[in-house]
Each structure stands twice: as structure tokens, then as C-alpha cells.
Amino acid sequence: MKNGCVLFVQEEDTEEEPKLKYERLTNGVTEILQKDAASCMTVHDKFLALGTHFGKVYLLDIQGNVTQKFEISSVKINQISLDESGDHVGICSEDGKVVALHPQFSKSNNKQFVTGGNKLLLYERNWLNRWKTSVLHEGEGNITNVKWTANLIAWANNVGVKIYDICSKQRITNVLRDNASLRPDMYPCSLCWKDNTTLIIGWGSSVKICVVKERDPTQMRDLPSRYVEIVSAFETEFFISGLAPLADQLVTLYYVKENSEHVFRTRPRLDIIQPLAEGCEEISSDALTVRNFQENQCRDYRLEHSEGESLFYIVSPKDIVVAKERDQDDHIDWLLEKKKYEEALMAAEISFKNIKRHDVQKIGMAFINHLVERGDYDAAARKCQKVLGKNMDLWENEVYRFKTIGQLKAISQYLPRGDLRLRPAIYEMILHEFLKTDYEGFATLIREWPGELYNNMAIVQAVNEHLKKDPTNSMLLTTLAELYTYDQRYDRALEIYLKLRHKDVYQLIHKHNLFSSIKDKIVLLMDFDKEKAVDMLLDNEDKISMDKVVEELKDRSELLHVYLHKLFKRDHHKGQKYHERQISLYAEFDRPNLLPFLRESMHCPLEKALEICQQRHFVEETVFLLSRMGNCRRALQMIMEELADVDKAIEFAKEQDDRELWEDLISYSIDKPPFITGLLNNIGTHVDPILLIHRIKEGMEIPNLRDSLVKILQDYNLQILLREGCKKILVADSLSLLQRMHRTQKRGVRVDGKQMFCLPVILDKITQISGNVYFLYYECFYCNICSAKRRGPGSGILEMKK
């Protein structure tokens, strides 16, 4: 018990936070109680009134300083009563027992108050300003306590507790005490008005909560207008020395008799309990170490409270202890004491406007220190982001602390890197630490940290020093390339990426427009990824010309072919001067695409192509070139002799549609039965099959001859049917169109006087001469409005085609 603090012990779960905090009322009180002893006290919002055993009354401020002193009697002060204004004080010594002022004593005209000894007396002024005395109750022993609220007076005597209604001048209840064996002078009754209608009674080990209610007027008869209902009643383990309300709960001051079962045998207890309909629930319990508690008895303790705020005064002869509800600062104190730093920090952040003694950042620092001491370095570093915020000095202190304990890696990922940042030396120190021990972590930081956080050249130099020891380390090389990129030394970065065949090389070129830097590195790019490289070169022809690419790839034919092939696919007319070279490239690297190239290219030198194809014995390509150059007979001969493919030969002859080619094909095939079969199956629609049949040698065995002849006849019949059908359709369509023209020409046409037109008039029916030839007889007139001469009748022959 130092500096006015009071030791209290929670008798149950020590992890449960106490509800109240305690401090000793010092200053003038300490001096008073050294020479005297407290007997009673009452509390006002503005001051305290303390009565002593030597009959003195002291008015004190809230801190315990004496403001006034009154020597009232030579015997103990029993009770002090104040009205609501605090302007009038009622004092009763041992000879007068107890007193209570009307709450509105200052304002009322009657100036009422009551005193209690062996009878309860009401004092009030009459109209002559003289004191009038009335006996409210007597005959049940000494009155030990009296309390007045609004129009209700409650008092306790040896029998029980009574309540008197000053308005109706009726006693409305009598609550008997439960344990009559206890001496009233040793275990006095405690009375406390919670509000103007709720009375709390504590006597011995019994607690009752009584509510004064209005009676139904229809049931009153001779009964008082009010009655009392006991809403809660329960027994306690200890003896009650005082009661006070706390919201819907009760604060109880207990006297503990000496008992070997209790560790704190005679310390008074202050409990917070929750009254229930049938019992109560203990919320908290504190054992208080007050001065001389070993010598005190139940009647020596009093519990007073301030209605304006939750302050509770535990009064004992040699000590006065103030209990108050714990505020957020107290809650944080308890959390810190229990090392619940995270909860303390959260509580401080939520209530930062209400806390007075604590600082959010200091609590956060205590939390970080706790995590570091516990060895949870990552959690401590992560918490720095929230706690240190924008305080760069604190950040640097923490970084150096983490360096001292060898945990720079832990804090590295949480350092500020936005608008607010530390000195470059801090970041460089961490990068050097990673570079010594963790290449992967170093690379991660370089990727995540903006390049302006540190001196880029210093880090580049450090990386180069490490590469001297390990020149092929791909991770270090990649990181060095990224550093060069931050420093805008793109050429150096590009060289490293190409050396490593890194996937980001193309992104680097596009992002920083490095096309001028890759003109001499085209082969390297193609070796890395031909497809991506070619697409990039073709998409940026304005930056790297086609001629420059061909020049760079001239010694790498396979790469040149890939480039020219994609160029040709994009546009057949681009790169036409390289078409001659492409023939050799296709022939060497991509024969399947040679023939399509020859078909599509309009700039390919045919003689050169024919020479290459003949040298490589590419028959199909040679056939195409011969036919394109007009040497169809030689092309057909190659098909028949080199390929021996009658179907291809027939198809070729069909494409050329040349009777001489058909004659050559027949002549070549006449002594080859398989060829004859093929011709018989396909020649019918292009050449008269009789020509072929007449030339077949008698006795020659021809495979599937019967089927071939049947097919020829079927094809012929089909052809005849098709011609007849076409002829009918043609004639029908011709007549329909002619009739439509006739109907159209017979219509009137509106003309003006200057317009001249020719009007043929058919004078006779249309006569078919033969096939598609018709004869019609007509007359043609000029407009009779003009002066032109008429023509005579005429006739004409019309050949009509569909």
C-alpha cells in the first residue's frame, strides 16, 4: 500500500479483470485518522462530510483536503445527512442516534427532518416559524438507521425496516429482519435508496430489494395508497456492512469473520453482484487491505456512494478507501500487466479519444518489444507497419535493432516504400545483408522495391563483385539485368537477358523501344525463340528493315527461311526480290511448302525454280513449273513416266483441256492396261471414248473392262439426258423472256415533243426456223410527232440464247 494505493486480491480466477479500482483517500484525511477515528461519512457531488469518534465533523474536498471543521460533540458522530443542494447538514451524535434531512430541505417551507433514538421524530416549522415535533413511530427499540428520499422515509429498528409516506402520512410496510439472533448493535442494518421507489436492505447476511408501488384505487379501502413488493431476496456468505447501486447491479461491502477456511480471514470484501429473482450472481470479488482491518468489526465499516458518478467510499475507523469503476486506461493497464499486448493495442486504438494516460504508439512499441523478446521476429516486424506508421525516426531505430539481433530479413518486407521512405543507406544495408546470405531473397527485394529507394550503382557494384566469384549464377545475372533496367542501361540488361535466354527479353525490347539495340543481335533472338523473334521483327519493320534482317541472317539459312516464310505468308508481294532465294530455302528446309510458294508467288523466276527442282528431282514441283512455262507435253510425260499416276495424268489433262494432251495420254496408255482402265473411267466427259476403244489392240486384257464400258454408257446416257433437259429449259426460258419483252414493248410510253423513239411492231407470229433460230416480221415507225419519215415494213431473223 504505497502512494495512496490499496492492495486488493481477487479470490477467484486471477485472469479475470477486476471491475473496480481502489485508492486511499489521503491528504487531510490521513492526518485526521492518525489522531481520531472515522465513524460515519456522507457524500455530495461537491464535497465529503466526515464524522469522527471524538465528535468532530470535517468537510473535505474530493481529494481529502479539509475545507471546514466543526466540533459538534464530545461523543461519536453517528450519522450525517445532507439535502440535495448540500447547503444544509444534519448531524447526529451518539446521544441522538440517527438523523435524515428532507432531500429538498433548502427549498421547502416546512424544513422537515427526522431523528431516531428510541422513537422516530419528525421536525417541521409551522406558520409561526416554530419547530413542531411529531412522533412517527415508537415502541420497537432503538432506531439504528434512517434514509429519506423524495416523500418516503425508511428506518430500521430492532424488529425490522419500516417505510413511511410523508404525503399520505401513512406507514406502508414493515419488512422483518430474517436473523433475529444477531445483535442489531453489532450487525446494523444497511439502507440505500437506489431511486425514489427502490429500497435496498442489507442486514446480517440477508439482502432484500423492495419496490414501492401504487395500489389500485378500487382495492384500497382502508389500506395505504402504496404498498411494497420485494422483487429480490437472497442470502450471502458474509455479513453486510454496506450496500450501493451500480446500474442494475449491487456493490456490497462484506465483513468476513475469522475462519480457517478463508485465506484472507478478516479483510473486508467489496463484491459486485447481480440480483436475480431468486438469488444472485457474483460478478467480481475483491478483498481489501485497509489499515487495522484485524481490529475492525462489522459495525465499524460503512459504504457510501456518489450518485453523480460511480464512486464508492469504504469507511473504516483508520482508513477511507475510494473504489471507482475502471476506465479504459485501467483496462489497458490490466491488459499490459497480463502481457495481453495485442488486446491492449486494439483497445487503445478503439478508444484513443477517451484514454488519458496511455498512448497508442507506446503500447504498440511495448507489443513489438514483447514479440522480439519472445523471438517472434516476423510478427514484430509486421506489427511495425501499423505501430510506427509515418514516424521515420522510429522506423530507423527499429531497423538498427533488428540488425543488432540479426533479423534484418524479417523487417525487410515491411519497410515503407511509398511516398514516405527511409534514408537510402537503410535499404542498402538490408540489400547487402541479403546479398551475403540469400541470393533469392535479394532478387525478390530488387523486384519489389522501387529502384529509387537506394543507390542503384552501389548495389550494381556489389552484385558484380559477387559475380566475380560465381560468374554463371543465373539468379545474380537476372537481378543485375533488373538493376541495369532501373538505371536505364538497357543495352547491358539486354545482353544479360539474351545470354540467359530469359523470357522477359521481348517485353524489355517492346517496353523500352530497344529495336536500335538489337539490330546486331537478331541471330541471338532467333536462337532463343524463332517464332517470337520473327513476329516482333515483322511487327516493327519500320524500326528494323527487312533488308537489315536478311543481312544479319545471311549465314543462318534455316533462320532466314523462317523469317522469309512468315514474311511471304503475311504479304505475297513483300520481299519479292528474295523469292529466288526462297526457292532454295524451301527446297532445303521446307519442301511441303515449296509447291504452294511456287503457285502463289508472282515474282518467282521460273527457270531458276525449274533448275533447282530438276536438280533435286522434285517431280511434282517440276511438273507444275513445266506446265506454267507452257511445256505441258513434257509435264504430262513426267507424270506418266516418273509418277506413273494415271489419275494425276488425267487430272492434268483436264486442267489443260488440250486435245493434243489427250492424244499423247492415249498414245502413252494404249499398251498399259491399268492406264486404259483409268482412261475409260474418266475420259468420257472430255474425249469421245470411241477414239480410245478403236485403238485398243484386240486380245488385250484390260482390268475391269466390263465395268468401265458400263460406266462409259451410263455417262453417255447421262450426258444426253442433261443436254435434252438443258435444251428444254433454254427454249422455255427464251420464249418466256421474248413474251415478256413483247408485253413490255406494247405498253404506252409518255414522251415530250422533242423526244424521238423507235417503236417496232410485230406484225406476225414468231416462227422457229431451227434450233435456237426464229423468224419474226415487224414494222418500225418513228414518232409521228416529229417530221421524220416512216420506214416501211421489215423483217428479221433472231437467234435467241439463254
# chains A, B, ... in the order shown; residues from 1 in each chain; ligands from 1
>>> select_by_dssp(residues="region 307-386 of chain A", states="alpha helix (DSSP H)", output="number ranges by chain")
A: 328-337, 341-350, 360-374, 377-386
>>> residues_around(residues="Gln413 (chain A)", least_positions_apart="2", cutoff="9 Å", atoms="only C-alpha atoms", output="list in words")
Ala381, Arg382, Lys409, Ala410, Ile411, Leu415, Pro416, Leu445 and Glu448 of chain A
>>> residues_around(residues="Gly364 (chain A)", least_positions_apart="6", cutoff="9 Å", atoms="only C-alpha atoms", output="list in words")
Tyr341, Glu342, Ala344, Leu345, Lys383, Cys384, Lys386, Val387 and Leu388 of chain A
>>> write_last_selection(atoms="all heavy atoms", output="mmCIF file, in the first residue's frame")
data_model
loop_
_atom_site.group_PDB
_atom_site.id
_atom_site.type_symbol
_atom_site.label_atom_id
_atom_site.label_comp_id
_atom_site.auth_asym_id
_atom_site.auth_seq_id
_atom_site.Cartn_x
_atom_site.Cartn_y
_atom_site.Cartn_z
ATOM 1 N N TYR A 341 -0.721 -7.769 -24.997
ATOM 2 C CA TYR A 341 -0.380 -6.529 -25.699
ATOM 3 C C TYR A 341 -1.271 -6.286 -26.912
ATOM 4 O O TYR A 341 -1.632 -5.140 -27.202
ATOM 5 C CB TYR A 341 1.085 -6.568 -26.125
ATOM 6 C CG TYR A 341 2.040 -6.553 -24.957
ATOM 7 C CD1 TYR A 341 2.600 -7.734 -24.473
ATOM 8 C CD2 TYR A 341 2.375 -5.363 -24.326
ATOM 9 C CE1 TYR A 341 3.476 -7.726 -23.400
ATOM 10 C CE2 TYR A 341 3.250 -5.342 -23.245
ATOM 11 C CZ TYR A 341 3.793 -6.534 -22.788
ATOM 12 O OH TYR A 341 4.641 -6.515 -21.725
ATOM 13 N N GLU A 342 -1.589 -7.328 -27.604
ATOM 14 C CA GLU A 342 -2.407 -7.130 -28.805
ATOM 15 C C GLU A 342 -3.793 -6.612 -28.438
ATOM 16 O O GLU A 342 -4.318 -5.702 -29.090
ATOM 17 C CB GLU A 342 -2.519 -8.447 -29.579
ATOM 18 C CG GLU A 342 -3.190 -8.291 -30.930
ATOM 19 C CD GLU A 342 -2.982 -9.487 -31.827
ATOM 20 O OE1 GLU A 342 -2.525 -10.541 -31.334
ATOM 21 O OE2 GLU A 342 -3.275 -9.377 -33.029
ATOM 22 N N ALA A 344 -4.481 -4.958 -25.725
ATOM 23 C CA ALA A 344 -4.286 -3.598 -25.220
ATOM 24 C C ALA A 344 -4.179 -2.602 -26.363
ATOM 25 O O ALA A 344 -4.753 -1.499 -26.314
ATOM 26 C CB ALA A 344 -3.027 -3.554 -24.348
ATOM 27 N N LEU A 345 -3.446 -2.982 -27.406
ATOM 28 C CA LEU A 345 -3.298 -2.094 -28.563
ATOM 29 C C LEU A 345 -4.641 -1.883 -29.252
ATOM 30 O O LEU A 345 -4.991 -0.763 -29.647
ATOM 31 C CB LEU A 345 -2.278 -2.694 -29.539
ATOM 32 C CG LEU A 345 -1.991 -1.875 -30.800
ATOM 33 C CD1 LEU A 345 -1.463 -0.491 -30.438
ATOM 34 C CD2 LEU A 345 -0.993 -2.604 -31.691
ATOM 35 N N LYS A 383 4.089 -5.992 -37.251
ATOM 36 C CA LYS A 383 3.391 -5.022 -36.412
ATOM 37 C C LYS A 383 3.996 -3.624 -36.546
ATOM 38 O O LYS A 383 3.315 -2.612 -36.298
ATOM 39 C CB LYS A 383 3.441 -5.490 -34.956
ATOM 40 C CG LYS A 383 2.502 -4.758 -34.023
ATOM 41 C CD LYS A 383 1.057 -4.876 -34.457
ATOM 42 C CE LYS A 383 0.534 -6.288 -34.424
ATOM 43 N NZ LYS A 383 -0.897 -6.329 -34.795
ATOM 44 N N CYS A 384 5.256 -3.533 -36.962
ATOM 45 C CA CYS A 384 5.903 -2.223 -37.148
ATOM 46 C C CYS A 384 5.134 -1.381 -38.157
ATOM 47 O O CYS A 384 5.048 -0.150 -38.011
ATOM 48 C CB CYS A 384 7.345 -2.399 -37.610
ATOM 49 S SG CYS A 384 8.469 -2.960 -36.313
ATOM 50 N N LYS A 386 2.025 -1.095 -38.663
ATOM 51 C CA LYS A 386 0.859 -0.460 -38.056
ATOM 52 C C LYS A 386 1.250 0.521 -36.963
ATOM 53 O O LYS A 386 0.668 1.597 -36.835
ATOM 54 C CB LYS A 386 -0.057 -1.554 -37.493
ATOM 55 C CG LYS A 386 -1.367 -1.065 -36.934
ATOM 56 C CD LYS A 386 -2.226 -2.242 -36.504
ATOM 57 C CE LYS A 386 -3.586 -1.784 -36.017
ATOM 58 N NZ LYS A 386 -4.413 -2.935 -35.589
ATOM 59 N N VAL A 387 2.241 0.149 -36.171
ATOM 60 C CA VAL A 387 2.586 0.936 -34.984
ATOM 61 C C VAL A 387 3.438 2.142 -35.338
ATOM 62 O O VAL A 387 3.182 3.264 -34.889
ATOM 63 C CB VAL A 387 3.303 0.043 -33.947
ATOM 64 C CG1 VAL A 387 3.824 0.875 -32.791
ATOM 65 C CG2 VAL A 387 2.368 -1.047 -33.455
ATOM 66 N N LEU A 388 4.462 1.943 -36.152
ATOM 67 C CA LEU A 388 5.407 3.027 -36.432
ATOM 68 C C LEU A 388 4.852 4.037 -37.411
ATOM 69 O O LEU A 388 5.209 5.211 -37.376
ATOM 70 C CB LEU A 388 6.721 2.443 -36.949
ATOM 71 C CG LEU A 388 7.380 1.383 -36.047
ATOM 72 C CD1 LEU A 388 8.700 0.947 -36.637
ATOM 73 C CD2 LEU A 388 7.568 1.918 -34.646
#
>>> residues_around(residues="Lys548 (chain A)", least_positions_apart="4", cutoff="12 Å", atoms="only C-alpha atoms", output="MDAnalysis selection string")
chainID A and resid 515:516 518:523 537:538 541:544 552:554 560 563
>>> write_last_selection(atoms="N, CA and C atoms", output="mmCIF file, in the first residue's frame")
data_model
loop_
_atom_site.group_PDB
_atom_site.id
_atom_site.type_symbol
_atom_site.label_atom_id
_atom_site.label_comp_id
_atom_site.auth_asym_id
_atom_site.auth_seq_id
_atom_site.Cartn_x
_atom_site.Cartn_y
_atom_site.Cartn_z
ATOM 1 N N PHE A 515 14.785 -1.414 -80.224
ATOM 2 C CA PHE A 515 14.991 -2.029 -81.536
ATOM 3 C C PHE A 515 16.319 -1.614 -82.157
ATOM 4 N N SER A 516 16.724 -0.406 -81.861
ATOM 5 C CA SER A 516 18.024 0.001 -82.397
ATOM 6 C C SER A 516 19.160 -0.791 -81.752
ATOM 7 N N ILE A 518 19.017 -4.001 -80.948
ATOM 8 C CA ILE A 518 19.003 -5.433 -81.284
ATOM 9 C C ILE A 518 19.333 -5.696 -82.750
ATOM 10 N N LYS A 519 19.729 -4.648 -83.503
ATOM 11 C CA LYS A 519 19.994 -4.854 -84.926
ATOM 12 C C LYS A 519 21.129 -5.830 -85.166
ATOM 13 N N ASP A 520 22.060 -5.872 -84.237
ATOM 14 C CA ASP A 520 23.176 -6.810 -84.380
ATOM 15 C C ASP A 520 22.999 -8.039 -83.484
ATOM 16 N N LYS A 521 21.792 -8.193 -82.928
ATOM 17 C CA LYS A 521 21.537 -9.326 -82.038
ATOM 18 C C LYS A 521 20.363 -10.154 -82.529
ATOM 19 N N ILE A 522 20.066 -10.032 -83.818
ATOM 20 C CA ILE A 522 18.899 -10.731 -84.363
ATOM 21 C C ILE A 522 19.099 -12.242 -84.306
ATOM 22 N N VAL A 523 20.322 -12.696 -84.589
ATOM 23 C CA VAL A 523 20.590 -14.140 -84.555
ATOM 24 C C VAL A 523 20.379 -14.686 -83.145
ATOM 25 N N LEU A 537 9.979 -8.870 -85.287
ATOM 26 C CA LEU A 537 10.656 -8.192 -86.404
ATOM 27 C C LEU A 537 9.671 -7.763 -87.473
ATOM 28 N N LEU A 538 8.698 -8.604 -87.753
ATOM 29 C CA LEU A 538 7.718 -8.265 -88.777
ATOM 30 C C LEU A 538 6.780 -7.161 -88.309
ATOM 31 N N GLU A 541 8.754 -3.499 -88.755
ATOM 32 C CA GLU A 541 9.560 -3.314 -89.959
ATOM 33 C C GLU A 541 10.022 -1.874 -90.118
ATOM 34 N N ASP A 542 9.242 -0.938 -89.530
ATOM 35 C CA ASP A 542 9.633 0.459 -89.654
ATOM 36 C C ASP A 542 10.863 0.778 -88.812
ATOM 37 N N LYS A 543 11.165 -0.087 -87.819
ATOM 38 C CA LYS A 543 12.297 0.144 -86.937
ATOM 39 C C LYS A 543 13.495 -0.737 -87.304
ATOM 40 N N ILE A 544 13.213 -1.920 -87.795
ATOM 41 C CA ILE A 544 14.282 -2.812 -88.266
ATOM 42 C C ILE A 544 13.876 -3.281 -89.667
ATOM 43 N N GLU A 552 21.538 -9.820 -91.573
ATOM 44 C CA GLU A 552 22.011 -10.438 -90.334
ATOM 45 C C GLU A 552 21.880 -11.961 -90.380
ATOM 46 N N LEU A 553 20.886 -12.443 -91.136
ATOM 47 C CA LEU A 553 20.625 -13.893 -91.152
ATOM 48 C C LEU A 553 21.216 -14.605 -92.368
ATOM 49 N N LYS A 554 22.030 -13.915 -93.121
ATOM 50 C CA LYS A 554 22.513 -14.493 -94.380
ATOM 51 C C LYS A 554 23.335 -15.759 -94.162
ATOM 52 N N LEU A 560 16.896 -17.701 -91.701
ATOM 53 C CA LEU A 560 16.448 -16.830 -92.788
ATOM 54 C C LEU A 560 15.173 -17.375 -93.419
ATOM 55 N N TYR A 563 12.145 -16.566 -91.281
ATOM 56 C CA TYR A 563 11.767 -15.165 -91.409
ATOM 57 C C TYR A 563 11.076 -14.893 -92.741
#
>>> residues_around(residues="Val57 (chain A)", least_positions_apart="2", cutoff="10 Å", atoms="only C-alpha atoms", output="JSON, numbers by chain")
{"A": [38, 39, 40, 41, 49, 50, 51, 52, 53, 54, 55, 59, 60, 68, 69, 70, 71, 72, 73, 77, 80, 91]}
>>> select_by_dssp(residues="region 300-443 of chain A", states="strand (DSSP E)", output="number ranges by chain")
A: 302-306, 311-316, 319-325
>>> closest_residue(among="A:Phe434, A:Phe234, A:Phe293, A:Phe47", to="Ile273 (chain A)", atoms="only C-alpha atoms")
A:Phe234
>>> residues_around(residues="Gln112 (chain A)", least_positions_apart="6", cutoff="12 Å", atoms="only C-alpha atoms", output="count of residues only")
27
>>> atom_distance(atom1="CA of Asn142 (chain A)", atom2="CA of Lys119 (chain A)")
6.9 Å
>>> atom_distance(atom1="CA of Tyr164 (chain A)", atom2="CA of Lys46 (chain A)")
29.2 Å
>>> closest_residue(among="A:Thr289, A:Thr198, A:Gln79, A:Gln249", to="Ile272 (chain A)", atoms="only C-alpha atoms")
A:Gln249
>>> atom_distance(atom1="CA of Ile314 (chain A)", atom2="CA of Lys56 (chain A)")
19.1 Å
>>> closest_residue(among="A:Thr252, A:Asn196, A:Thr622, A:Ser206", to="Arg599 (chain A)", atoms="only C-alpha atoms")
A:Thr622
>>> residues_around(residues="region 497-513 of chain A", least_positions_apart="3", cutoff="8 Å", atoms="only C-alpha atoms", output="list in words")
Ser474, Thr478, Ala481, Tyr490, Ala493, Leu494, Ser516, Leu524, Leu525, Phe528, Lys532 and Ala533 of chain A
>>> write_last_selection(atoms="C-alpha atoms", output="short mmCIF file (atom, residue, chain, number, x, y, z; two decimals), in the first residue's frame")
data_model
loop_
_atom_site.label_atom_id
_atom_site.label_comp_id
_atom_site.auth_asym_id
_atom_site.auth_seq_id
_atom_site.Cartn_x
_atom_site.Cartn_y
_atom_site.Cartn_z
CA SER A 474 21.68 -17.10 -63.26
CA THR A 478 18.94 -11.79 -63.75
CA ALA A 481 19.78 -7.11 -65.52
CA TYR A 490 19.03 -1.20 -71.28
CA ALA A 493 20.32 -5.58 -69.41
CA LEU A 494 19.52 -6.87 -72.91
CA SER A 516 18.02 0.00 -82.40
CA LEU A 524 20.64 -14.37 -80.73
CA LEU A 525 16.96 -13.50 -80.56
CA PHE A 528 16.20 -18.03 -78.28
CA LYS A 532 8.51 -14.63 -81.09
CA ALA A 533 11.54 -13.06 -82.70
#
>>> closest_residue(among="A:Leu270, A:Val731, A:Cys92, A:Ile209", to="Phe238 (chain A)", atoms="only C-alpha atoms")
A:Leu270
